[in-house]
>>> print(open('entry_1.csv').read())   # CSV, C-alpha atoms and all ligand atoms
chain,number,residue,atom,x,y,z
Q,1327,MET,CA,-15.2,6.1,-8.2
Q,1328,GLN,CA,-17.0,4.1,-10.9
Q,1329,THR,CA,-16.9,0.3,-10.8
Q,1330,PRO,CA,-15.4,-1.1,-14.1
Q,1331,ASP,CA,-17.5,-4.0,-15.3
Q,1332,PRO,CA,-16.2,-6.7,-15.5
Q,1333,ILE,CA,-13.5,-6.3,-12.9
Q,1334,LYS,CA,-10.3,-7.5,-14.6
Q,1335,PRO,CA,-6.8,-7.7,-13.1
Q,1336,GLU,CA,-5.9,-4.6,-15.2
Q,1337,SER,CA,-8.6,-2.8,-13.3
Q,1338,TYR,CA,-6.1,-2.5,-10.4
Q,1339,ASN,CA,-3.4,-1.0,-12.5
Q,1340,SER,CA,-2.4,2.6,-11.7
Q,1341,ASP,CA,-1.0,4.8,-14.4
Q,1342,VAL,CA,2.5,3.9,-13.4
Q,1343,PHE,CA,4.2,0.7,-14.6
Q,1344,PRO,CA,6.3,-1.0,-12.0
Q,1345,THR,CA,10.0,0.0,-11.8
Q,1346,TRP,CA,11.2,-3.2,-10.1
Q,1347,CYS,CA,14.3,-4.8,-11.6
Q,1348,PRO,CA,13.8,-7.3,-14.5
Q,1349,GLY,CA,13.0,-10.7,-13.0
Q,1350,CYS,CA,12.0,-9.4,-9.6
Q,1351,GLY,CA,9.6,-11.6,-7.7
Q,1352,ASN,CA,7.5,-8.5,-6.8
Q,1353,PHE,CA,6.0,-8.7,-10.3
Q,1354,GLY,CA,4.6,-12.2,-9.5
Q,1355,ILE,CA,3.0,-11.0,-6.2
Q,1356,TRP,CA,1.6,-7.9,-8.0
Q,1357,ALA,CA,0.0,-10.1,-10.6
Q,1358,ALA,CA,-1.3,-12.6,-8.1
Q,1359,LEU,CA,-2.9,-10.0,-5.9
Q,1360,LYS,CA,-4.6,-8.4,-8.9
Q,1361,MET,CA,-5.8,-11.8,-10.1
Q,1362,ALA,CA,-7.2,-12.5,-6.6
Q,1363,LEU,CA,-9.1,-9.2,-6.3
Q,1364,SER,CA,-10.4,-9.8,-9.8
Q,1365,ASN,CA,-11.6,-13.3,-9.0
Q,1366,LEU,CA,-13.3,-12.1,-5.9
Q,1367,LYS,CA,-14.9,-9.3,-7.9
Q,1368,ILE,CA,-13.7,-6.7,-5.4
Q,1369,PRO,CA,-13.7,-3.3,-7.1
Q,1370,PRO,CA,-10.7,-0.9,-6.4
Q,1371,HIS,CA,-12.9,1.4,-4.3
Q,1372,LYS,CA,-13.7,-1.5,-1.9
Q,1373,VAL,CA,-10.1,-2.3,-1.1
Q,1374,ALA,CA,-7.5,-0.5,1.1
Q,1375,LEU,CA,-3.9,-1.4,0.4
Q,1376,ILE,CA,-1.5,-0.3,3.1
Q,1377,PHE,CA,2.2,-0.5,2.5
Q,1378,GLY,CA,5.4,-0.5,4.5
Q,1379,VAL,CA,8.7,0.7,3.2
Q,1380,GLY,CA,10.9,-1.3,0.9
Q,1381,CYS,CA,10.9,-2.5,-2.7
Q,1382,SER,CA,7.5,-4.0,-1.9
Q,1383,GLY,CA,6.4,-0.6,-0.6
Q,1384,ASN,CA,6.9,0.9,-4.1
Q,1385,PHE,CA,4.0,-1.3,-5.1
Q,1386,ALA,CA,1.9,1.5,-3.7
Q,1387,ASN,CA,2.6,3.5,-6.9
Q,1388,PHE,CA,1.6,0.6,-9.2
Q,1389,VAL,CA,-1.9,-0.3,-8.0
Q,1390,LYS,CA,-5.3,1.2,-7.9
Q,1391,GLY,CA,-7.5,1.3,-4.7
Q,1392,TYR,CA,-7.4,3.2,-1.5
Q,1393,VAL,CA,-3.6,3.2,-1.1
Q,1394,PHE,CA,-1.5,4.4,1.8
Q,1395,HIS,CA,2.3,4.2,1.9
Q,1396,SER,CA,3.1,4.2,5.6
Q,1397,LEU,CA,6.3,4.4,7.6
Q,1398,HIS,CA,8.9,1.6,7.8
Q,1399,GLY,CA,7.4,-1.3,9.8
Q,1400,ARG,CA,4.1,0.5,10.4
Q,1401,ALA,CA,1.8,-0.9,7.8
Q,1402,LEU,CA,-0.1,-3.1,10.2
Q,1403,PRO,CA,-1.2,-0.5,12.8
Q,1404,VAL,CA,-2.4,1.7,9.9
Q,1405,ALA,CA,-4.2,-1.2,8.3
Q,1406,SER,CA,-5.8,-2.2,11.6
Q,1407,GLY,CA,-7.0,1.4,12.0
Q,1408,ALA,CA,-8.5,1.5,8.5
Q,1409,LYS,CA,-10.4,-1.7,9.2
Q,1410,LEU,CA,-11.7,-0.6,12.6
Q,1411,ALA,CA,-12.8,2.7,10.9
Q,1412,ASN,CA,-14.4,1.1,7.9
Q,1413,SER,CA,-15.0,-2.6,8.3
Q,1414,ASP,CA,-16.8,-2.7,4.9
Q,1415,LEU,CA,-13.4,-2.3,3.2
Q,1416,HIS,CA,-11.2,-5.3,2.4
Q,1417,VAL,CA,-7.9,-4.2,4.0
Q,1418,ILE,CA,-4.6,-5.7,2.8
Q,1419,ALA,CA,-1.3,-4.8,4.3
Q,1420,ILE,CA,1.9,-5.4,2.3
Q,1421,GLY,CA,5.5,-5.2,3.3
Q,1422,GLY,CA,8.9,-6.9,3.2
Q,1423,ASP,CA,10.7,-9.2,5.6
Q,1424,GLY,CA,12.7,-6.3,7.0
Q,1425,ASP,CA,9.6,-4.3,7.4
Q,1426,GLY,CA,7.6,-7.0,9.1
Q,1427,PHE,CA,10.2,-8.9,11.1
Q,1428,ALA,CA,12.6,-6.2,12.1
Q,1429,GLU,CA,11.2,-2.6,12.2
Q,1430,GLY,CA,7.6,-3.9,12.6
Q,1431,LEU,CA,8.2,-7.2,14.4
Q,1432,SER,CA,6.2,-6.2,17.5
Q,1433,HIS,CA,3.3,-4.9,15.3
Q,1434,THR,CA,3.3,-8.3,13.4
Q,1435,ILE,CA,3.1,-10.3,16.6
Q,1436,GLN,CA,0.4,-8.1,18.2
Q,1437,THR,CA,-1.7,-7.9,15.1
Q,1438,ILE,CA,-1.6,-11.7,14.7
Q,1439,ARG,CA,-2.8,-11.9,18.3
Q,1440,SER,CA,-5.6,-9.4,17.7
Q,1441,ASN,CA,-7.0,-11.4,14.8
Q,1442,VAL,CA,-8.2,-8.2,13.2
Q,1443,ASN,CA,-9.9,-9.1,9.9
Q,1444,ILE,CA,-7.3,-8.1,7.5
Q,1445,THR,CA,-4.8,-9.8,5.2
Q,1446,TYR,CA,-1.0,-9.4,5.5
Q,1447,ILE,CA,1.2,-10.3,2.5
Q,1448,VAL,CA,5.0,-10.4,3.2
Q,1449,HIS,CA,7.3,-10.1,0.3
Q,1450,ASP,CA,10.0,-12.3,1.8
Q,1451,ASN,CA,13.2,-11.9,-0.3
Q,1452,HIS,CA,15.5,-12.6,2.7
Q,1453,VAL,CA,17.4,-9.3,2.2
Q,1454,TYR,CA,17.1,-5.6,2.6
Q,1455,SER,CA,16.9,-4.7,-1.1
Q,1456,LEU,CA,15.7,-1.1,-1.3
Q,1457,THR,CA,18.8,-0.1,0.6
Q,1458,THR,CA,21.0,-2.2,-1.8
Q,1459,GLY,CA,21.5,-5.4,0.0
Q,1460,GLN,CA,22.0,-6.0,3.7
Q,1461,THR,CA,21.0,-9.0,5.8
Q,1462,SER,CA,17.4,-9.0,6.9
Q,1463,PRO,CA,15.8,-11.0,9.8
Q,1464,THR,CA,15.1,-13.9,7.4
Q,1465,SER,CA,18.5,-14.0,5.7
Q,1466,LEU,CA,19.9,-17.5,5.7
Q,1467,LYS,CA,22.9,-18.1,8.0
Q,1468,GLY,CA,26.2,-17.4,6.2
Q,1469,PHE,CA,24.6,-14.9,3.8
Q,1470,LYS,CA,27.3,-12.5,2.6
Q,1471,THR,CA,26.4,-8.9,2.1
Q,1472,LYS,CA,28.2,-5.5,2.4
Q,1473,THR,CA,27.3,-5.5,6.1
Q,1474,THR,CA,28.2,-9.2,6.7
Q,1475,PRO,CA,31.3,-9.8,4.5
Q,1476,GLU,CA,32.1,-12.9,6.6
Q,1477,GLY,CA,28.5,-14.1,6.3
Q,1478,SER,CA,25.5,-13.6,8.6
Q,1479,PHE,CA,26.1,-15.1,12.0
Q,1480,GLU,CA,22.5,-15.0,13.1
Q,1481,TYR,CA,19.9,-17.6,12.9
Q,1482,PRO,CA,17.0,-16.5,10.7
Q,1483,ILE,CA,13.5,-15.7,12.0
Q,1484,ASN,CA,11.0,-18.4,11.0
Q,1485,PRO,CA,7.8,-16.5,9.9
Q,1486,MET,CA,5.6,-19.6,9.8
Q,1487,ALA,CA,6.7,-20.7,13.4
Q,1488,LEU,CA,6.4,-17.1,14.5
Q,1489,ALA,CA,2.8,-16.7,13.2
Q,1490,ILE,CA,1.7,-20.1,14.6
Q,1491,SER,CA,3.2,-19.5,18.0
Q,1492,ALA,CA,1.6,-16.0,18.2
Q,1493,GLY,CA,-1.9,-17.6,17.6
Q,1494,GLY,CA,-2.3,-17.0,13.9
Q,1495,SER,CA,-5.7,-18.0,12.7
Q,1496,PHE,CA,-4.6,-18.2,9.0
Q,1497,VAL,CA,-0.9,-19.0,8.3
Q,1498,ALA,CA,0.2,-19.6,4.7
Q,1499,ARG,CA,3.2,-19.6,2.5
Q,1500,GLY,CA,3.4,-18.9,-1.2
Q,1501,PHE,CA,5.9,-18.5,-4.0
Q,1502,ALA,CA,6.1,-15.4,-6.3
Q,1503,GLY,CA,7.0,-17.7,-9.2
Q,1504,GLU,CA,3.7,-19.6,-9.0
Q,1505,ILE,CA,1.1,-16.9,-9.6
Q,1506,PRO,CA,-2.1,-18.9,-9.9
Q,1507,HIS,CA,-1.3,-20.8,-6.6
Q,1508,LEU,CA,-0.3,-17.6,-4.8
Q,1509,SER,CA,-3.4,-15.9,-6.1
Q,1510,ASP,CA,-5.6,-18.7,-4.7
Q,1511,LEU,CA,-3.8,-18.4,-1.3
Q,1512,ILE,CA,-4.6,-14.6,-1.4
Q,1513,VAL,CA,-8.2,-15.4,-2.2
Q,1514,GLN,CA,-8.4,-17.8,0.7
Q,1515,GLY,CA,-6.7,-15.2,3.0
Q,1516,ILE,CA,-9.1,-12.4,2.0
Q,1517,GLN,CA,-12.1,-14.8,2.5
Q,1518,HIS,CA,-10.8,-15.9,5.9
Q,1519,ARG,CA,-12.6,-14.1,8.8
Q,1520,GLY,CA,-9.7,-12.9,10.9
Q,1521,PHE,CA,-6.0,-12.1,10.4
Q,1522,SER,CA,-4.6,-13.9,7.4
Q,1523,PHE,CA,-0.8,-14.0,7.2
Q,1524,ILE,CA,0.8,-15.0,3.9
Q,1525,ASP,CA,4.6,-15.1,3.7
Q,1526,VAL,CA,5.7,-15.1,0.0
Q,1527,MET,CA,9.0,-16.5,-1.1
Q,1528,GLN,CA,10.2,-13.7,-3.4
Q,1529,PRO,CA,13.3,-13.9,-5.5
Q,1530,CYS,CA,15.5,-10.8,-5.6
Q,1531,PRO,CA,17.8,-11.4,-8.5
Q,1532,THR,CA,19.7,-8.2,-7.9
Q,1533,PHE,CA,20.7,-8.5,-4.2
Q,1534,ASN,CA,20.0,-12.1,-3.3
Q,1535,PRO,CA,20.8,-14.0,-6.6
Q,1536,GLN,CA,21.7,-17.2,-4.7
Q,1537,LEU,CA,18.0,-17.7,-3.9
Q,1538,SER,CA,17.0,-17.8,-7.5
Q,1539,TYR,CA,13.7,-19.1,-9.0
Q,1540,ASP,CA,15.5,-22.5,-9.6
Q,1541,TRP,CA,16.8,-22.6,-6.0
Q,1542,TYR,CA,13.2,-22.2,-4.7
Q,1543,ARG,CA,11.8,-24.7,-7.2
Q,1544,GLN,CA,14.2,-27.4,-6.2
Q,1545,ARG,CA,12.8,-27.1,-2.6
Q,1546,LEU,CA,9.2,-26.2,-3.0
Q,1547,TYR,CA,6.3,-28.6,-2.5
Q,1548,LYS,CA,2.6,-28.0,-2.2
Q,1549,LEU,CA,0.8,-29.2,0.9
Q,1550,ALA,CA,-2.5,-29.6,-1.0
Q,1551,ASP,CA,-0.8,-32.3,-3.2
Q,1552,GLN,CA,-0.2,-34.4,-0.1
Q,1553,GLY,CA,-3.8,-34.2,1.1
Q,1554,TYR,CA,-2.7,-32.0,4.0
Q,1555,LYS,CA,-5.5,-30.5,6.1
Q,1556,PRO,CA,-4.6,-27.2,7.8
Q,1557,ASP,CA,-6.7,-27.8,11.0
Q,1558,ASN,CA,-4.0,-29.1,13.4
Q,1559,ARG,CA,-1.7,-26.6,15.0
Q,1560,HIS,CA,0.8,-29.2,16.0
Q,1561,LYS,CA,1.1,-30.6,12.5
Q,1562,ALA,CA,1.5,-27.1,11.2
Q,1563,TRP,CA,4.2,-26.4,13.7
Q,1564,ASP,CA,6.1,-29.5,12.6
Q,1565,ILE,CA,5.9,-28.3,8.9
Q,1566,ALA,CA,7.1,-24.8,10.0
Q,1567,GLN,CA,10.2,-26.4,11.5
Q,1568,GLU,CA,11.4,-27.6,8.1
Q,1569,GLU,CA,14.5,-25.7,7.1
Q,1570,ILE,CA,13.8,-23.7,4.0
Q,1571,SER,CA,17.4,-24.4,2.8
Q,1572,GLU,CA,16.1,-28.0,2.4
Q,1573,LYS,CA,12.4,-28.0,1.7
Q,1574,ILE,CA,9.7,-25.3,1.5
Q,1575,ALA,CA,6.0,-26.2,2.0
Q,1576,THR,CA,3.6,-23.9,0.3
Q,1577,GLY,CA,-0.1,-23.6,0.9
Q,1578,VAL,CA,-2.2,-23.0,4.1
Q,1579,LEU,CA,-0.3,-24.5,7.1
Q,1580,TYR,CA,-2.9,-23.6,9.6
Q,1581,GLN,CA,-6.4,-22.1,9.8
Q,1582,GLU,CA,-9.0,-21.8,12.5
Q,1583,GLN,CA,-12.1,-19.7,13.1
Q,1584,ARG,CA,-12.3,-17.6,16.1
Q,1585,ALA,CA,-13.6,-14.1,17.1
Q,1586,THR,CA,-12.0,-11.2,15.3
Q,1587,LEU,CA,-10.9,-8.0,17.0
Q,1588,GLU,CA,-14.0,-6.3,15.6
Q,1589,ASP,CA,-16.3,-8.9,17.1
Q,1590,ASN,CA,-15.2,-7.7,20.5
Q,1591,PHE,CA,-16.6,-4.2,19.9
Q,1592,PRO,CA,-20.4,-4.1,19.7
Q,1593,GLN,CA,-20.1,-0.6,18.4
Q,1594,ILE,CA,-18.6,-1.8,15.1
Q,1595,SER,CA,-19.2,-5.5,15.0
Q,1596,LYS,CA,-22.4,-5.1,12.8
Q,1597,THR,CA,-22.1,-1.6,11.3
Q,1598,ALA,CA,-18.9,0.1,10.0
Q,1599,LEU,CA,-17.9,3.0,12.2
Q,1600,VAL,CA,-18.0,5.4,9.2
Q,1601,LYS,CA,-21.6,4.5,8.6
Q,1602,LYS,CA,-22.7,5.4,12.2
Q,1603,ASP,CA,-24.7,8.6,12.7
Q,1604,PHE,CA,-22.8,10.8,15.1
Q,1605,SER,CA,-24.8,13.9,14.3
Q,1606,GLY,CA,-26.6,13.9,17.7
Q,1607,VAL,CA,-23.5,13.1,19.7
Q,1608,ASP,CA,-22.0,15.9,21.9
Q,1609,ILE,CA,-18.3,15.1,22.4
Q,1610,ARG,CA,-17.6,18.1,24.7
Q,1611,GLN,CA,-18.2,16.0,27.8
Q,1612,PHE,CA,-15.8,13.3,26.5
Q,1613,LEU,CA,-13.2,15.9,25.6
Q,1614,GLY,CA,-13.6,17.5,29.0
Q,1615,GLN,CA,-12.1,14.4,30.6
Q,1616,PHE,CA,-8.7,15.3,29.1
Q,1617,LYS,CA,-8.5,18.8,30.7
X,1701,LIG,FE1,13.2,-6.6,-6.8
X,1701,LIG,FE2,15.5,-7.0,-5.6
X,1701,LIG,FE3,15.3,-5.2,-7.6
X,1701,LIG,FE4,14.1,-4.7,-5.2
X,1701,LIG,S1,16.3,-4.9,-5.6
X,1701,LIG,S2,13.2,-4.4,-7.2
X,1701,LIG,S3,13.5,-6.8,-4.6
X,1701,LIG,S4,15.0,-7.4,-7.7
>>> encode(input="entry_1.csv", output="structure tokens")
Amino acid sequence: MQTPDPIKPESYNSDVFPTWCPGCGNFGIWAALKMALSNLKIPPHKVALIFGVGCSGNFANFVKGYVFHSLHGRALPVASGAKLANSDLHVIAIGGDGDGFAEGLSHTIQTIRSNVNITYIVHDNHVYSLTTGQTSPTSLKGFKTKTTPEGSFEYPINPMALAISAGGSFVARGFAGEIPHLSDLIVQGIQHRGFSFIDVMQPCPTFNPQLSYDWYRQRLYKLADQGYKPDNRHKAWDIAQEEISEKIATGVLYQEQRATLEDNFPQISKTALVKKDFSGVDIRQFLGQFK
């Protein structure tokens, strides 16, 4: 694949224009990701984009790179495998709140713990949208849908608290309506050495119109504007406890440097597995152990 020069956001466009609904927050995340990759000068053939299932998963059709559209909730194990096989690639997993906090919840927790050096962007629209509007794990209490006509009874999962308590080394929240700010968060996430978790507040005007762009803007504030430093897990925890129905902090809540999953494997910590020379390796003895 030839590297376009210079690498512009349009360099990541596929031949298919997005089919998301007009006003969908996915457009903002799509633009922010392309802007981030362009700013980092990462050509499409150096990035692997692994998708779950949902409206966000349709992103797989609208972006250029090594793209894999996985099963529901299974983006993270595929992304981890891609990184372990070729650590020279920038690996970005993308899914929705249902994908990451219901079908794939265990994968989310285990991958955060592993600290594999990939980025995970959650399109958090607080609803199952591809299946035309059911409550998701992050739906606000009282949210009325076809499946909850009396309103959701359950307390929503708190992605920031979840990631911090699972040992997240980079925990951030963005907003699809603030593309430059979100793009900067994605840049920081990609540059972070370890697992970077970015939960994005994503309006879905079709199936969750209550949480409109205005609804978010009335509650959003930027941590950086307050001189916040993301180096204290306890302070990050306190911010994560803020109810998003009242106020929504955006920016990096917590960041620390520690060994990545790859660092624990001397076989791949310095050289990507795909670049190893296995020509002299006889695997028959290894395979014999499985007889
Ligand atoms: Fe976007 Fe919602 Fe339409 Fe899906 S249903 S494309 S999330 S606006």
>>> residues_near_ligand(input="entry_1.csv", ligand="ligand LIG 1701 (chain X)", cutoff="8 Å", atoms="only C-alpha atoms and all ligand atoms", output="JSON, numbers by chain")
{"Q": [1345, 1346, 1347, 1348, 1349, 1350, 1351, 1352, 1380, 1381, 1382, 1451, 1455, 1456, 1458, 1459, 1528, 1529, 1530, 1531, 1532, 1533, 1534]}
>>> atom_distance(input="entry_1.csv", atom1="atom CA of Q:Asn1339", atom2="atom CA of Q:Ile1505")
16.8 Å
>>> residues_around(input="entry_1.csv", residues="Q:Ile1435", least_positions_apart="6", cutoff="10 Å", atoms="only C-alpha atoms", output="PDB file with C-alpha atoms, keeping the file's coordinate frame")
ATOM      1  CA  GLY Q1426       7.600  -7.000   9.100  1.00  0.00           C
ATOM      2  CA  PHE Q1427      10.200  -8.900  11.100  1.00  0.00           C
ATOM      3  CA  LEU Q1488       6.400 -17.100  14.500  1.00  0.00           C
ATOM      4  CA  ALA Q1489       2.800 -16.700  13.200  1.00  0.00           C
ATOM      5  CA  SER Q1491       3.200 -19.500  18.000  1.00  0.00           C
ATOM      6  CA  ALA Q1492       1.600 -16.000  18.200  1.00  0.00           C
ATOM      7  CA  GLY Q1493      -1.900 -17.600  17.600  1.00  0.00           C
ATOM      8  CA  GLY Q1494      -2.300 -17.000  13.900  1.00  0.00           C
TER       9      GLY Q1494
END
>>> atom_distance(input="entry_1.csv", atom1="atom CA of Q:Lys1367", atom2="atom CA of Q:Lys1334")
8.3 Å
>>> closest_residue(input="entry_1.csv", among="Q:His1371, Q:His1416, Q:His1398, Q:Arg1439", to="Q:Thr1586", atoms="only C-alpha atoms")
Q:Arg1439
>>> residues_around(input="entry_1.csv", residues="Q:Pro1370", least_positions_apart="6", cutoff="8 Å", atoms="only C-alpha atoms", output="JSON, numbers by chain")
{"Q": [1329, 1337, 1338, 1390, 1391, 1392]}
>>> write_last_selection(input="entry_1.csv", atoms="C-alpha atoms", output="PDB file, in the coordinates of the input")
ATOM      1  CA  THR Q1329     -16.900   0.300 -10.800  1.00  0.00           C
ATOM      2  CA  SER Q1337      -8.600  -2.800 -13.300  1.00  0.00           C
ATOM      3  CA  TYR Q1338      -6.100  -2.500 -10.400  1.00  0.00           C
ATOM      4  CA  LYS Q1390      -5.300   1.200  -7.900  1.00  0.00           C
ATOM      5  CA  GLY Q1391      -7.500   1.300  -4.700  1.00  0.00           C
ATOM      6  CA  TYR Q1392      -7.400   3.200  -1.500  1.00  0.00           C
TER       7      TYR Q1392
END
>>> closest_residue(input="entry_1.csv", among="Q:Ile1594, Q:Leu1415, Q:Ile1483, Q:Val1342", to="Q:Ala1386", atoms="all atoms listed in the file")
Q:Val1342
>>> closest_residue(input="entry_1.csv", among="Q:Pro1335, Q:Gly1430, Q:Pro1485, Q:Pro1463", to="Q:Glu1569", atoms="all atoms listed in the file")
Q:Pro1485
>>> residues_around(input="entry_1.csv", residues="Q:His1518", least_positions_apart="4", cutoff="10 Å", atoms="all atoms listed in the file", output="list of chain:residue names")
Q:Asn1443, Q:Ile1444, Q:Thr1445, Q:Ser1495, Q:Phe1496, Q:Ile1512, Q:Val1513, Q:Gln1514, Q:Ser1522, Q:Gln1581, Q:Glu1582, Q:Gln1583
>>> atom_distance(input="entry_1.csv", atom1="atom CA of Q:Lys1573", atom2="atom CA of Q:Ser1478")
20.7 Å
>>> residues_around(input="entry_1.csv", residues="Q:Asp1425", least_positions_apart="5", cutoff="12 Å", atoms="only C-alpha atoms", output="tab-separated table (two decimals) with C-alpha atoms, in the frame of the given file")
chain	number	residue	atom	x	y	z
Q	1377	PHE	CA	2.20	-0.50	2.50
Q	1378	GLY	CA	5.40	-0.50	4.50
Q	1379	VAL	CA	8.70	0.70	3.20
Q	1380	GLY	CA	10.90	-1.30	0.90
Q	1381	CYS	CA	10.90	-2.50	-2.70
Q	1382	SER	CA	7.50	-4.00	-1.90
Q	1383	GLY	CA	6.40	-0.60	-0.60
Q	1396	SER	CA	3.10	4.20	5.60
Q	1397	LEU	CA	6.30	4.40	7.60
Q	1398	HIS	CA	8.90	1.60	7.80
Q	1399	GLY	CA	7.40	-1.30	9.80
Q	1400	ARG	CA	4.10	0.50	10.40
Q	1401	ALA	CA	1.80	-0.90	7.80
Q	1402	LEU	CA	-0.10	-3.10	10.20
Q	1419	ALA	CA	-1.30	-4.80	4.30
Q	1420	ILE	CA	1.90	-5.40	2.30
Q	1430	GLY	CA	7.60	-3.90	12.60
Q	1431	LEU	CA	8.20	-7.20	14.40
Q	1432	SER	CA	6.20	-6.20	17.50
Q	1433	HIS	CA	3.30	-4.90	15.30
Q	1434	THR	CA	3.30	-8.30	13.40
Q	1446	TYR	CA	-1.00	-9.40	5.50
Q	1447	ILE	CA	1.20	-10.30	2.50
Q	1448	VAL	CA	5.00	-10.40	3.20
Q	1449	HIS	CA	7.30	-10.10	0.30
Q	1450	ASP	CA	10.00	-12.30	1.80
Q	1451	ASN	CA	13.20	-11.90	-0.30
Q	1452	HIS	CA	15.50	-12.60	2.70
Q	1453	VAL	CA	17.40	-9.30	2.20
Q	1454	TYR	CA	17.10	-5.60	2.60
Q	1455	SER	CA	16.90	-4.70	-1.10
Q	1456	LEU	CA	15.70	-1.10	-1.30
Q	1462	SER	CA	17.40	-9.00	6.90
Q	1463	PRO	CA	15.80	-11.00	9.80
Q	1464	THR	CA	15.10	-13.90	7.40
>>> closest_residue(input="entry_1.csv", among="Q:Gly1500, Q:Pro1506, Q:Gly1577, Q:Gly1422", to="Q:Tyr1542", atoms="only C-alpha atoms")
Q:Gly1500
>>> closest_residue(input="entry_1.csv", among="Q:Ala1550, Q:Leu1466, Q:Met1527, Q:Ala1374", to="Q:Ile1574", atoms="only C-alpha atoms")
Q:Met1527
>>> closest_residue(input="entry_1.csv", among="Q:Thr1437, Q:Thr1576, Q:Gln1536, Q:Gln1460", to="Q:Gln1552", atoms="all atoms listed in the file")
Q:Thr1576
>>> decode(input="entry_1.csv", residues="stretch 1483-1540 of chain Q", atoms="C-alpha atoms", output="short mmCIF file (atom, residue, chain, number, x, y, z; two decimals), in the first residue's frame")
data_model
loop_
_atom_site.label_atom_id
_atom_site.label_comp_id
_atom_site.auth_asym_id
_atom_site.auth_seq_id
_atom_site.Cartn_x
_atom_site.Cartn_y
_atom_site.Cartn_z
CA ILE Q 1483 -22.64 1.29 34.49
CA ASN Q 1484 -20.10 4.04 35.07
CA PRO Q 1485 -17.36 3.53 32.43
CA MET Q 1486 -14.89 5.93 34.09
CA ALA Q 1487 -15.19 4.26 37.50
CA LEU Q 1488 -15.08 0.84 35.87
CA ALA Q 1489 -11.83 1.61 34.04
CA ILE Q 1490 -10.18 3.24 37.05
CA SER Q 1491 -11.11 0.38 39.39
CA ALA Q 1492 -9.89 -2.22 36.87
CA GLY Q 1493 -6.45 -0.58 36.87
CA GLY Q 1494 -6.71 1.53 33.72
CA SER Q 1495 -3.43 3.25 32.86
CA PHE Q 1496 -5.14 5.84 30.61
CA VAL Q 1497 -8.75 6.74 31.31
CA ALA Q 1498 -10.37 9.57 29.36
CA ARG Q 1499 -13.74 10.92 28.31
CA GLY Q 1500 -14.54 12.96 25.22
CA PHE Q 1501 -17.54 14.40 23.41
CA ALA Q 1502 -18.42 13.73 19.78
CA GLY Q 1503 -19.53 17.36 19.40
CA GLU Q 1504 -16.06 18.74 20.19
CA ILE Q 1505 -13.96 17.26 17.43
CA PRO Q 1506 -10.59 19.03 18.01
CA HIS Q 1507 -10.70 18.22 21.75
CA LEU Q 1508 -11.67 14.61 21.09
CA SER Q 1509 -9.01 14.33 18.41
CA ASP Q 1510 -6.40 15.54 20.90
CA LEU Q 1511 -7.57 12.91 23.41
CA ILE Q 1512 -7.21 10.22 20.74
CA VAL Q 1513 -3.70 11.49 19.94
CA GLN Q 1514 -2.80 11.24 23.62
CA GLY Q 1515 -4.35 7.79 23.82
CA ILE Q 1516 -2.40 6.49 20.82
CA GLN Q 1517 0.82 7.99 22.20
CA HIS Q 1518 0.21 6.44 25.62
CA ARG Q 1519 2.27 3.32 26.17
CA GLY Q 1520 -0.35 0.89 27.42
CA PHE Q 1521 -4.10 0.46 27.16
CA SER Q 1522 -5.84 3.76 26.52
CA PHE Q 1523 -9.55 3.84 27.22
CA ILE Q 1524 -11.59 6.71 25.77
CA ASP Q 1525 -15.32 6.81 26.45
CA VAL Q 1526 -17.00 9.23 24.05
CA MET Q 1527 -20.34 10.87 24.77
CA GLN Q 1528 -22.10 10.31 21.45
CA PRO Q 1529 -25.51 11.80 20.69
CA CYS Q 1530 -27.95 9.47 18.92
CA PRO Q 1531 -30.69 11.82 17.71
CA THR Q 1532 -32.77 8.91 16.36
CA PHE Q 1533 -33.11 6.62 19.39
CA ASN Q 1534 -31.92 8.75 22.30
CA PRO Q 1535 -33.00 12.29 21.37
CA GLN Q 1536 -33.25 13.32 25.04
CA LEU Q 1537 -29.44 13.27 25.27
CA SER Q 1538 -29.04 15.89 22.56
CA TYR Q 1539 -25.97 17.98 21.77
CA ASP Q 1540 -27.48 20.76 23.90
#
